[in-house]
Amino acid sequence: MTSTGLLAVYPDNPSVDLARTLDLANFAWKGVANPETLVRLQPTEGWMGAVVACDEDPEGGWALCRNLRRLDRPVQRILVLITGAQIADLEMRDNLFDDFLLTPFHPRELEARLRHLFYNEISAPSAVVIEHAGLRLNLETYQATFDGRPLDLTYMEYELLKYFAHNPGRVYSREVLLSEVWGYEYFGGARTVDVHVRRLRAKLGEEHAHLIETVRSVGYRFGASKWQG
Amino acid sequence: MLDAQRDYVLRTVEERGIRLVRLWFTDVLGTLKSFAISPAEMENALNDGMSFDGSSIDGYGRVQEADVLALPDPNTFEVLPWVDAKSAEARVFCDIAQLDGTPFEGDPRQVLRRNLEAARKLGLVFYVAPDVEYFYFAPRNDGGRPVPLDQGGFFDLTTTDITSSLRKETIRTLETMSIPVEYSFHEDSPSQHEIDLRHTDALTMADSIMTFRFVVKEIAAMRDVHATFMPKPLEGVQGSGMHLHLSLFEGDMNAFHSESDPYNLSDTAKSFMAGLLRHAAEITAVTNQTVNSYKRLVPGFEAPVHVSWARNNRSGLIRVPVPKRGSELATRIELRSPDPACNPYLAFSVILAAGLRGIEEGYELPSEADANLFEMGDAALTKLGIEQLPQSLNDALRVMESSQLVAEALGEHIFEWFLRNKRAEWRKYKTHVSQFEIDTYLRSL
């Protein structure tokens, strides 16, 4: 799942929880500090939508919402984050947001609301090429290369690497990988995942084998963690 | 999934400019067979299979109908790493079927599939990791004794030797062909090497061993060296075995593991071992299928001679290794009799059948034999109820012949052909007058 447009996120240094949720749900986003950067960073096709945290800086947040509606390409879908004490603030501001969520929020709820709000934009995966740290996967031709050199994979090795590369930095349990890559009907058990990870590492070669990291007693991660600490 | 796999293979053939696709399969004796098709035929091959005349393949011939179908298994499609990219080639393992699509009973891969299906019905997946030993020799075509290329011993660092660089290159090639290597080292005898493969399910491993033997020989031949999996090429030093580390998994659980047992062996593991021990003599002709195999199975060379098991005793048939850090996934047993000249599909089939019989019938595991059996007299062994493995191919065939278990595991077609073929081999050997006889008898008698 990948979104086709760009989200504006306020403030420009959003909380770790918010950034992580957006990344894990594969939304492309940019932080905006104020109405000026909102205009400056606006992509030519306009913002797909916005997530505005009003919980810490209500005044700046609501001001940004007003600006979002006034852009030459007005933003149609705005989700605001507020604290429980701010529910009263929603009154008279119905024109400034399309959905809201109370903080502290549950990441799954935020993801579900965003997914619903941007249903049309994220329904079809559009990327044809995935690139990560020298690795390049062409999803149309099924070809994998590393630093331009072809990487010959069997079908299941390719599918596993594709799944990893779609979501770099994210930790997956063996069970999730098994059901997502092999499908639930597969009989072999999660040990199959270990066998294929070992095969992939062997093919990536000593230099790059670390790209697929073992996360002890959890599973595997492709690429470095994005949210250290 | 199958459609996606086919699509993947066809696109790869196109994108990588594959000029030739080699269809690989195995005859009953375990020899790799191959015929090549052009990329244009690949789609047809994946959909309908390629028919060919099987009558010249060892163990395939039938009276009524000689033609069979090779059905490529798309998940085994690999580009061959040693072929020049300008004329790229790929290989794919095939299942052999009758023209009507039913599995061909002479195909070892189909036989293993059938036996694995029996395990699957019990909810079990069979995992195998082999330790393969082999020799490098200087090439000679005069039929004389083989000449070792180095004088190294166990774990010796023979950095300057050509054999070490051959081994390194072999491992690199194996790893690019989806065959990860766990360890490799110089073995005990001159010019003898060992490569240990990382566990996989038994079907993948049987394919991997076929590829492994091919790669080892091919890479050696490129440097004008002869690699051999002959079980006992040199008299007076260790022969080449293929110890098999075996385990059964039930989903994500290692069915061989038990927390409460002092050796961490579950009842399933114990019954499986009991099955292997009770049927050991019956399956030996398959796990050790040449006249020469029995020259390895003699006392004093770390090869098993007796039907016994122990935790840390390398003279027994089954060893129970101590897993690293007590990891429950690593609990396994090591069967020490097979040699690398066996047909891996058939060997895995009879081993699994013997073990499963033990589980299904709840065989009792005999007590551990931890003494060095090589040093015990026959009387003492008989008292312990410890028997010997068959002493010759002839002995092994005679036990196999009356084995219902092996007949069922292999199927009648292969069972009968194998016995016929191997008896002929024994007869040829029996009438051969050896150098030993000339040296010993010619002058004195």
# chains A, B, ... in the order shown; residues from 1 in each chain; ligands from 1
$ select_by_dssp --residues "segment 21-225 of chain A" --states "alpha helix (DSSP H)" --output "PyMOL selection string"
chain A and resi 21-24+35-40+58-70+107-117+119-122+155-166+174-177+191-208
$ residues_around --residues "segment 78-81 of chain A" --least-positions-apart "2" --cutoff "9 Å" --atoms "only C-alpha atoms" --output "PyMOL selection string"
chain A and resi 49-55+61-62+65+68+75-76+83+96-105+113-114+117
$ atom_distance --atom1 "atom CA of Leu99 of chain B" --atom2 "atom CA of Gly61 of chain B"
14.2 Å
$ closest_residue --among "A:Tyr163, A:Tyr220, A:Tyr172, A:Tyr158" --to "chain B" --atoms "only C-alpha atoms"
A:Tyr158
$ closest_atom_pairs --of "chain A" --to "chain B" --cutoff "8 Å" --atoms "only C-alpha atoms" --output "JSON lines"
{"residue": "A:Thr141", "atom": "CA", "partner": "B:Arg11", "partner_atom": "CA", "distance": 6.2}
{"residue": "A:Tyr142", "atom": "CA", "partner": "B:Tyr8", "partner_atom": "CA", "distance": 6.5}
{"residue": "A:Gln143", "atom": "CA", "partner": "B:Thr12", "partner_atom": "CA", "distance": 7.0}
{"residue": "A:Asp152", "atom": "CA", "partner": "B:Val79", "partner_atom": "CA", "distance": 6.4}
{"residue": "A:Leu153", "atom": "CA", "partner": "B:Glu78", "partner_atom": "CA", "distance": 7.0}
{"residue": "A:Thr154", "atom": "CA", "partner": "B:Phe77", "partner_atom": "CA", "distance": 6.1}
{"residue": "A:Tyr155", "atom": "CA", "partner": "B:Asn75", "partner_atom": "CA", "distance": 5.9}
{"residue": "A:Met156", "atom": "CA", "partner": "B:Asn75", "partner_atom": "CA", "distance": 7.1}
{"residue": "A:Phe187", "atom": "CA", "partner": "B:Gly251", "partner_atom": "CA", "distance": 7.5}
{"residue": "A:Gly188", "atom": "CA", "partner": "B:Val125", "partner_atom": "CA", "distance": 6.6}
{"residue": "A:Gly189", "atom": "CA", "partner": "B:Gly251", "partner_atom": "CA", "distance": 4.5}
{"residue": "A:Ala190", "atom": "CA", "partner": "B:Asp252", "partner_atom": "CA", "distance": 5.6}
{"residue": "A:Arg191", "atom": "CA", "partner": "B:Asp252", "partner_atom": "CA", "distance": 6.4}
{"residue": "A:Thr192", "atom": "CA", "partner": "B:Thr200", "partner_atom": "CA", "distance": 7.8}
{"residue": "A:Val195", "atom": "CA", "partner": "B:Thr200", "partner_atom": "CA", "distance": 6.3}
{"residue": "A:Arg198", "atom": "CA", "partner": "B:Pro180", "partner_atom": "CA", "distance": 6.8}
{"residue": "A:Arg199", "atom": "CA", "partner": "B:Ser178", "partner_atom": "CA", "distance": 5.1}
{"residue": "A:Leu200", "atom": "CA", "partner": "B:Ser178", "partner_atom": "CA", "distance": 7.5}
{"residue": "A:Ala202", "atom": "CA", "partner": "B:Glu175", "partner_atom": "CA", "distance": 5.2}
{"residue": "A:Lys203", "atom": "CA", "partner": "B:Thr176", "partner_atom": "CA", "distance": 4.9}
$ residues_around --residues "Met48 of chain A" --least-positions-apart "6" --cutoff "6 Å" --atoms "only C-alpha atoms" --output "PyMOL selection string"
chain A and resi 5-7
$ write_last_selection --atoms "N, CA and C atoms" --output "PDB file, in the first residue's frame"
ATOM      1  N   GLY A   5      -0.245  10.785  -3.140  1.00  0.00           N
ATOM      2  CA  GLY A   5       0.004  12.208  -2.938  1.00  0.00           C
ATOM      3  C   GLY A   5       0.786  12.481  -1.671  1.00  0.00           C
ATOM      4  N   LEU A   6       0.996  13.767  -1.426  1.00  0.00           N
ATOM      5  CA  LEU A   6       1.815  14.189  -0.298  1.00  0.00           C
ATOM      6  C   LEU A   6       0.916  14.808   0.781  1.00  0.00           C
ATOM      7  N   LEU A   7       1.203  14.434   2.044  1.00  0.00           N
ATOM      8  CA  LEU A   7       0.467  15.004   3.167  1.00  0.00           C
ATOM      9  C   LEU A   7       1.270  16.143   3.783  1.00  0.00           C
TER      10      LEU A   7
END
$ atom_distance --atom1 "atom CA of Pro233 of chain B" --atom2 "atom CA of Thr163 of chain B"
16.9 Å
$ atom_distance --atom1 "atom CA of Gly84 of chain A" --atom2 "atom CA of Pro58 of chain A"
12.7 Å
$ closest_residue --among "A:Tyr119, A:Phe164, A:Trp47, A:Phe222" --to "Pro74 of chain A" --atoms "only C-alpha atoms"
A:Trp47
$ closest_residue --among "B:Asp339, B:Asp131, B:Asp150, B:Asp261" --to "Lys232 of chain B" --atoms "only C-alpha atoms"
B:Asp339
$ residues_around --residues "Ser403 of chain B" --least-positions-apart "4" --cutoff "9 Å" --atoms "only C-alpha atoms" --output "PyMOL selection string"
chain B and resi 279+282-283+399+407-408
$ select_by_dssp --residues "segment 317-382 of chain B" --states "strand (DSSP E)" --output "PyMOL selection string"
chain B and resi 318-319+333-335
$ write_last_selection --atoms "C-alpha atoms" --output "mmCIF file, in the first residue's frame"
data_model
loop_
_atom_site.group_PDB
_atom_site.id
_atom_site.type_symbol
_atom_site.label_atom_id
_atom_site.label_comp_id
_atom_site.auth_asym_id
_atom_site.auth_seq_id
_atom_site.Cartn_x
_atom_site.Cartn_y
_atom_site.Cartn_z
ATOM 1 C CA ILE B 318 22.861 -42.431 15.209
ATOM 2 C CA ARG B 319 24.434 -39.622 17.183
ATOM 3 C CA ILE B 333 19.588 -36.552 15.301
ATOM 4 C CA GLU B 334 22.521 -37.395 13.052
ATOM 5 C CA LEU B 335 22.360 -40.509 10.899
#
$ residues_around --residues "Glu416 of chain B" --least-positions-apart "4" --cutoff "12 Å" --atoms "only C-alpha atoms" --output "PyMOL selection string"
chain B and resi 28+59-60+105-106+397+400-403+406-408+410-412+420-423
$ residues_around --residues "Ser191 of chain B" --least-positions-apart "5" --cutoff "8 Å" --atoms "only C-alpha atoms" --output "number ranges by chain"
B: 135-137, 148-152, 163, 186
$ write_last_selection --atoms "C-alpha atoms" --output "PDB file, in the first residue's frame"
ATOM      1  CA  PHE B 135      37.936 -35.941  -2.517  1.00  0.00           C
ATOM      2  CA  TYR B 136      39.872 -33.873  -5.038  1.00  0.00           C
ATOM      3  CA  PHE B 137      42.293 -35.832  -7.196  1.00  0.00           C
ATOM      4  CA  PRO B 148      45.683 -36.742  -3.837  1.00  0.00           C
ATOM      5  CA  LEU B 149      46.401 -33.058  -4.419  1.00  0.00           C
ATOM      6  CA  ASP B 150      47.418 -32.215  -0.875  1.00  0.00           C
ATOM      7  CA  GLN B 151      48.566 -33.924   2.286  1.00  0.00           C
ATOM      8  CA  GLY B 152      46.476 -31.881   4.692  1.00  0.00           C
ATOM      9  CA  THR B 163      42.005 -27.513  -3.298  1.00  0.00           C
ATOM     10  CA  HIS B 186      39.646 -29.882   5.180  1.00  0.00           C
TER      11      HIS B 186
END
$ closest_residue --among "B:Arg398, B:Lys33, B:Lys217, B:Arg336" --to "Ala310 of chain B" --atoms "only C-alpha atoms"
B:Arg336
